[in-house]
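> Got a file for you: start29.tsv, TSV, C-alpha atoms.
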chain	number	residue	atom	x	y	z
A	201	MET	CA	-9.59	-23.18	-16.65
A	202	ALA	CA	-10.22	-20.34	-14.18
A	203	TYR	CA	-7.56	-21.79	-11.86
A	204	PHE	CA	-4.89	-21.90	-14.55
A	205	GLY	CA	-5.90	-18.46	-15.80
A	206	HIS	CA	-5.59	-17.13	-12.26
A	207	LEU	CA	-2.22	-18.85	-11.82
A	208	LEU	CA	-0.77	-17.69	-15.16
A	209	LEU	CA	-1.92	-14.08	-14.82
A	210	GLY	CA	-0.68	-14.04	-11.21
A	211	VAL	CA	2.75	-15.27	-12.27
A	212	GLY	CA	2.72	-12.48	-14.86
A	213	LEU	CA	2.28	-9.91	-12.09
A	214	VAL	CA	5.45	-11.20	-10.43
A	215	VAL	CA	7.61	-11.77	-13.52
A	216	LEU	CA	6.71	-8.67	-15.57
A	217	PRO	CA	7.51	-6.12	-12.82
A	218	ILE	CA	10.93	-7.82	-12.41
A	219	ILE	CA	11.58	-7.49	-16.15
A	220	ILE	CA	10.45	-3.86	-16.06
A	221	LEU	CA	12.56	-3.02	-12.98
A	222	VAL	CA	15.69	-4.60	-14.47
A	223	ASN	CA	15.29	-2.50	-17.63
A	224	LEU	CA	13.81	0.69	-16.15
A	225	LYS	CA	17.00	2.78	-16.33
A	226	GLU	CA	17.73	1.89	-19.97
A	227	LYS	CA	14.17	2.84	-21.05
A	228	PRO	CA	13.95	0.30	-23.91
A	229	LYS	CA	11.37	0.86	-26.67
A	230	TRP	CA	9.18	-1.99	-25.42
A	231	LEU	CA	8.92	-0.61	-21.87
A	232	LYS	CA	5.61	1.17	-22.44
A	233	ALA	CA	4.07	-1.87	-24.14
A	234	VAL	CA	5.12	-4.26	-21.36
A	235	SER	CA	3.95	-1.78	-18.73
A	236	ALA	CA	0.53	-1.51	-20.41
A	237	ILE	CA	0.29	-5.31	-20.66
A	238	THR	CA	1.10	-5.58	-16.93
A	239	ALA	CA	-1.62	-3.08	-16.04
A	240	ALA	CA	-4.09	-4.90	-18.32
A	241	ILE	CA	-3.23	-8.23	-16.66
A	242	SER	CA	-3.81	-6.72	-13.21
A	243	TRP	CA	-7.39	-5.75	-14.17
A	244	LEU	CA	-8.05	-8.96	-16.11
A	245	LEU	CA	-6.91	-11.05	-13.14
A	246	LEU	CA	-9.99	-9.92	-11.21
A	247	LEU	CA	-12.16	-12.14	-13.46
A	248	PRO	CA	-10.67	-15.59	-12.67
A	249	ALA	CA	-9.98	-14.44	-9.10
A	250	GLY	CA	-13.64	-13.52	-8.65
A	251	LEU	CA	-14.85	-16.70	-10.30
A	252	LEU	CA	-12.69	-18.91	-8.08
A	253	TYR	CA	-13.51	-16.93	-4.96
A	254	LEU	CA	-17.27	-16.82	-5.50
A	255	ALA	CA	-17.92	-20.22	-7.09
A	256	PHE	CA	-15.35	-22.59	-5.63
A	257	TYR	CA	-13.91	-21.07	-2.46
A	258	PRO	CA	-16.95	-21.32	-0.12
A	259	ALA	CA	-16.48	-25.10	0.27
A	260	THR	CA	-12.73	-24.65	0.88
A	261	LYS	CA	-13.47	-21.94	3.44
A	262	THR	CA	-15.68	-24.34	5.41
A	263	VAL	CA	-12.89	-26.95	5.45
A	264	ILE	CA	-10.26	-24.42	6.55
A	265	LYS	CA	-12.38	-22.92	9.31
A	266	ALA	CA	-13.13	-26.37	10.70
A	267	GLY	CA	-9.47	-27.42	10.52
A	268	ALA	CA	-6.31	-26.77	12.52
A	269	TRP	CA	-5.51	-23.51	10.72
A	270	PRO	CA	-8.70	-21.37	10.87
A	271	TRP	CA	-6.48	-18.26	10.68
A	272	ALA	CA	-5.51	-19.36	7.15
A	273	HIS	CA	-8.94	-18.13	6.11
A	274	SER	CA	-9.71	-15.47	8.72
A	275	ILE	CA	-6.41	-13.63	8.33
A	276	ILE	CA	-4.56	-14.85	5.25
A	277	MET	CA	-7.40	-15.38	2.76
A	278	GLU	CA	-9.31	-12.28	3.89
A	279	THR	CA	-6.16	-10.19	3.46
A	280	LYS	CA	-5.32	-11.83	0.10
A	281	GLU	CA	-8.75	-11.28	-1.41
A	282	HIS	CA	-8.74	-7.59	-0.45
A	283	TRP	CA	-5.09	-6.76	-1.24
A	284	GLY	CA	-5.84	-8.10	-4.71
A	285	LEU	CA	-8.34	-5.29	-5.25
A	286	LEU	CA	-5.55	-2.70	-4.93
A	287	LEU	CA	-3.17	-4.40	-7.39
A	288	PRO	CA	-4.83	-2.94	-10.53
A	289	VAL	CA	-4.59	0.55	-9.05
A	290	VAL	CA	-0.89	0.11	-8.20
A	291	ALA	CA	-0.10	-1.36	-11.64
A	292	THR	CA	-2.02	1.42	-13.41
A	293	VAL	CA	-0.20	4.18	-11.49
A	294	ALA	CA	3.17	2.57	-12.34
A	295	THR	CA	2.19	2.25	-16.01
A	296	LEU	CA	0.88	5.81	-16.35
A	297	LEU	CA	4.12	7.11	-14.80
A	298	VAL	CA	6.07	5.24	-17.48
A	299	PHE	CA	3.81	6.74	-20.16
A	300	ASP	CA	4.47	10.19	-18.64
A	301	GLY	CA	8.22	9.61	-19.00
A	302	LYS	CA	8.67	9.36	-15.22
A	303	GLU	CA	10.38	5.99	-15.16
A	304	ALA	CA	12.43	6.73	-12.04
A	305	GLU	CA	9.29	7.83	-10.19
A	306	SER	CA	7.53	4.63	-11.23
A	307	LYS	CA	10.20	2.41	-9.65
A	308	LYS	CA	8.72	2.23	-6.15
A	309	TRP	CA	5.26	1.45	-7.59
A	310	TRP	CA	6.68	-1.46	-9.61
A	311	ILE	CA	8.45	-2.70	-6.47
A	312	LEU	CA	5.18	-2.43	-4.52
A	313	LEU	CA	3.35	-4.36	-7.25
A	314	LEU	CA	6.05	-7.06	-7.22
A	315	VAL	CA	6.13	-7.40	-3.42
A	316	VAL	CA	2.34	-7.49	-2.98
A	317	SER	CA	1.86	-9.92	-5.89
A	318	PHE	CA	4.55	-12.21	-4.45
A	319	LEU	CA	3.01	-12.05	-0.97
A	320	ILE	CA	-0.42	-12.83	-2.42
A	321	ALA	CA	1.07	-15.89	-4.13
A	322	ILE	CA	2.56	-17.06	-0.81
A	323	PHE	CA	-0.76	-16.38	0.91
A	324	GLY	CA	-2.46	-18.54	-1.69
A	325	ARG	CA	-0.12	-21.41	-0.86
A	326	ILE	CA	-0.79	-20.99	2.88
A	327	VAL	CA	-4.56	-21.07	2.25
A	328	LYS	CA	-4.17	-24.31	0.27
A	329	MET	CA	-2.10	-25.79	3.10
A	330	GLY	CA	-4.80	-24.70	5.53
A	331	ALA	CA	-7.29	-26.69	3.47
A	332	GLY	CA	-5.00	-29.73	3.66
A	333	ALA	CA	-4.06	-29.58	-0.03
B	220	MET	CA	-1.80	16.07	-14.40
B	221	ALA	CA	-3.58	17.34	-17.50
B	222	LYS	CA	-6.08	14.61	-18.29
B	223	PHE	CA	-6.17	12.20	-15.40
B	224	ASN	CA	-4.80	12.57	-11.87
B	225	PHE	CA	-3.84	8.95	-11.20
B	226	TYR	CA	-2.29	9.89	-7.85
B	227	ALA	CA	-5.64	11.31	-6.66
B	228	GLY	CA	-7.38	8.21	-8.00
B	229	ALA	CA	-4.99	5.87	-6.18
B	230	SER	CA	-5.38	7.85	-2.95
B	231	ALA	CA	-9.17	7.62	-3.11
B	232	SER	CA	-9.13	3.91	-3.97
B	233	ALA	CA	-6.68	2.96	-1.23
B	234	ILE	CA	-8.52	4.90	1.49
B	235	LEU	CA	-11.93	3.65	0.33
B	236	LEU	CA	-10.77	0.02	0.24
B	237	ALA	CA	-9.60	0.10	3.85
B	238	LEU	CA	-12.85	1.77	4.93
B	239	LEU	CA	-14.99	-0.73	3.01
B	240	VAL	CA	-13.13	-3.69	4.54
B	241	ILE	CA	-13.53	-2.43	8.10
B	242	LEU	CA	-17.12	-1.23	7.68
B	243	SER	CA	-18.32	-4.41	6.00
B	244	GLU	CA	-16.82	-6.56	8.78
B	245	LEU	CA	-18.05	-4.44	11.67
B	246	VAL	CA	-21.46	-3.43	10.28
B	247	GLU	CA	-23.24	-6.52	9.01
B	248	PRO	CA	-26.13	-4.60	7.34
B	249	PHE	CA	-23.54	-2.71	5.27
B	250	LYS	CA	-22.00	-5.98	4.08
B	251	ALA	CA	-25.49	-7.25	3.27
B	252	LEU	CA	-26.23	-4.04	1.36
B	253	LEU	CA	-23.07	-4.48	-0.75
B	254	ALA	CA	-24.09	-8.08	-1.43
B	255	SER	CA	-27.65	-7.16	-2.38
B	256	VAL	CA	-26.59	-4.35	-4.74
B	257	PHE	CA	-23.64	-6.07	-6.41
B	258	GLY	CA	-24.40	-9.77	-5.94
B	259	HIS	CA	-21.48	-10.25	-3.50
B	260	HIS	CA	-19.70	-7.94	-1.07
B	261	TRP	CA	-16.32	-8.61	-2.77
B	262	ILE	CA	-17.69	-7.57	-6.16
B	263	GLY	CA	-19.17	-4.46	-4.53
B	264	LYS	CA	-15.78	-3.50	-3.10
B	265	ALA	CA	-14.05	-4.15	-6.45
B	266	VAL	CA	-16.56	-1.99	-8.36
B	267	LEU	CA	-16.50	0.85	-5.82
B	268	VAL	CA	-12.68	0.92	-5.66
B	269	ALA	CA	-12.49	1.07	-9.47
B	270	ILE	CA	-15.12	3.82	-9.61
B	271	ALA	CA	-13.28	5.80	-6.91
B	272	PHE	CA	-10.04	5.54	-8.94
B	273	LEU	CA	-11.70	6.88	-12.09
B	274	LEU	CA	-13.90	9.51	-10.43
B	275	ALA	CA	-11.16	11.03	-8.26
B	276	GLY	CA	-8.71	10.83	-11.16
B	277	PHE	CA	-10.96	12.80	-13.48
B	278	LEU	CA	-12.68	15.13	-11.01
B	279	LEU	CA	-9.41	16.17	-9.35
B	280	LYS	CA	-7.34	16.38	-12.53
B	281	GLU	CA	-6.44	20.03	-11.90
B	282	LYS	CA	-5.50	19.50	-8.24
B	283	THR	CA	-1.98	18.62	-7.14
B	284	SER	CA	-2.58	18.41	-3.40
B	285	LEU	CA	-5.10	17.83	-0.66
B	286	GLY	CA	-4.43	20.55	1.86
B	287	LYS	CA	-0.73	20.46	2.64
B	288	ILE	CA	-0.05	16.95	1.34
B	289	SER	CA	0.58	16.37	-2.36
B	290	PHE	CA	-1.46	13.68	-4.09
B	291	LYS	CA	1.86	12.07	-5.06
B	292	ASP	CA	2.70	11.56	-1.37
B	293	LEU	CA	-0.87	10.79	-0.37
B	294	ALA	CA	-1.17	8.05	-3.02
B	295	TRP	CA	1.99	6.30	-1.84
B	296	LYS	CA	1.30	6.63	1.88
B	297	SER	CA	-2.39	5.72	1.63
B	298	SER	CA	-1.59	2.65	-0.51
B	299	LEU	CA	0.93	1.37	2.03
B	300	ALA	CA	-1.37	2.26	4.93
B	301	SER	CA	-4.36	0.56	3.30
B	302	LEU	CA	-2.44	-2.70	2.82
B	303	ALA	CA	-1.14	-2.59	6.40
B	304	VAL	CA	-4.52	-1.66	7.92
B	305	ILE	CA	-6.30	-4.51	6.10
B	306	PHE	CA	-3.76	-7.09	7.31
B	307	LEU	CA	-3.72	-5.77	10.89
B	308	PHE	CA	-7.51	-5.52	11.00
B	309	TYR	CA	-7.95	-9.19	10.17
B	310	ILE	CA	-5.30	-10.17	12.72
B	311	LEU	CA	-7.10	-8.17	15.41
B	312	GLU	CA	-10.51	-9.47	14.33
B	313	PHE	CA	-9.29	-13.07	14.54
B	314	PHE	CA	-7.72	-12.81	17.98
B	315	PHE	CA	-10.15	-10.38	19.62
Could you show the structure in this file as structure tokens?


Amino acid sequence: MAYFGHLLLGVGLVVLPIIILVNLKEKPKWLKAVSAITAAISWLLLLPAGLLYLAFYPATKTVIKAGAWPWAHSIIMETKEHWGLLLPVVATVATLLVFDGKEAESKKWWILLLVVSFLIAIFGRIVKMGAGA
Amino acid sequence: MAKFNFYAGASASAILLALLVILSELVEPFKALLASVFGHHWIGKAVLVAIAFLLAGFLLKEKTSLGKISFKDLAWKSSLASLAVIFLFYILEFFF
């Protein structure tokens, strides 16, 4: 449950910024609503992320550190788990700029959210590979 | 910036996150303190980063800059720097 929640909300943080960026210039009526949903998802994502990290990851960490790719935990997972803490801040700044009518100014924050979310997803895959999954 | 200075909040959060990551890895008692107060060091960092965002955003709502740098610039540069510093720190920590 937590895994699928984490996965779905994470996909949302990649897909929604793309939708927003594609439509940012046209300023459609739904832009504020979708922006607010994206920011809400970024905060909500901390719950399944925390649950997976605290309850299930310790065993995986032991496997990774004893395996051929110890850097998959020491570099990739450590970076992933901490970059994730900045995502809600980035998404909230982008959203509040949209609410302030500064859509053009919000563009680079949406791009940052998209890039970091995408990298975190790739990092997640590398961590799983490091665990032999 | 009438009600909430989100650029100041983002600046504070980004800088604090990088500091918390480095401090908690280099100073074990600090990591233990975070864990004892919040249940886990990661939860401690999450809570403190969120508090920093809100506190700086509300307390600095009338300010537009920190010295010569605007909060708009500081927020962007500190966010990018924080992400880079965290990644580079763990690379250095792993190899050295």

> Residues of chain A within 7 Å of chain B, using only C-alpha atoms, as a ChimeraX atom specification?

/A:274-275,279,283,285-286,289,293

> Of the candidates B:Lys222, B:His260, B:Leu293, B:Ala275, which one gets nearest to A:Glu281 if we count all atoms listed in the file?

B:His260

> Show me, as a short mmCIF file (atom, residue, chain, number, x, y, z; two decimals) with C-alpha atoms, in the frame of the given file, the residues that have an atom within 9 Å of A:Lys280 when counting all atoms listed in the file, minus same-chain residues fewer than 4 positions from it.


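Wrote it out as around-v6.cif, contents follow:
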data_model
loop_
_atom_site.label_atom_id
_atom_site.label_comp_id
_atom_site.auth_asym_id
_atom_site.auth_seq_id
_atom_site.Cartn_x
_atom_site.Cartn_y
_atom_site.Cartn_z
CA ILE A 275 -6.41 -13.63 8.33
CA ILE A 276 -4.56 -14.85 5.25
CA GLY A 284 -5.84 -8.10 -4.71
CA LEU A 285 -8.34 -5.29 -5.25
CA LEU A 319 3.01 -12.05 -0.97
CA ILE A 320 -0.42 -12.83 -2.42
CA ALA A 321 1.07 -15.89 -4.13
CA PHE A 323 -0.76 -16.38 0.91
CA GLY A 324 -2.46 -18.54 -1.69
CA PHE B 306 -3.76 -7.09 7.31
#

> For a test of reading the model, state the distance in Å between atom CA of A:Val234 and atom CA of A:Val298, rounded to one decimal.

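Answer for the atom CA of A:Val234 to atom CA of A:Val298 separation: 10.3 Å.
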
> As a ChimeraX atom specification, please: the residues near stretch 235-242 of chain A (cut-off 10 Å, all atoms listed in the file, same-chain neighbours under 6 positions excluded).

/A:208-210,212-217,219-220,284-299,310,313,317

> Skip A:Met201 itself and residues of its chain fewer than 5 positions away, then list as a PDB file with C-alpha atoms, in the frame of the given file all residues within 10 Å of it, counting all atoms listed in the file.


ATOM      1  CA  HIS A 206      -5.590 -17.130 -12.260  1.00  0.00           C
ATOM      2  CA  LEU A 207      -2.220 -18.850 -11.820  1.00  0.00           C
ATOM      3  CA  PRO A 248     -10.670 -15.590 -12.670  1.00  0.00           C
TER       4      PRO A 248
END

> Which of these, A:Ala202, A:Ala233, A:Val211, A:Ile326, has the shortest distance to A:Trp269 once you count only C-alpha atoms?

A:Ile326

> What does the distance between atom CA of A:Lys302 and atom CA of A:Lys229 come to in Å, to one decimal place?

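Interatomic distance, atom CA of A:Lys302 to atom CA of A:Lys229: 14.5 Å.
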
> Please measure the separation of atom CA of A:Ala255 and atom CA of B:Phe249, giving the value in Å to one decimal.

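Straight-line distance from atom CA of A:Ala255 to atom CA of B:Phe249 works out to 22.2 Å.
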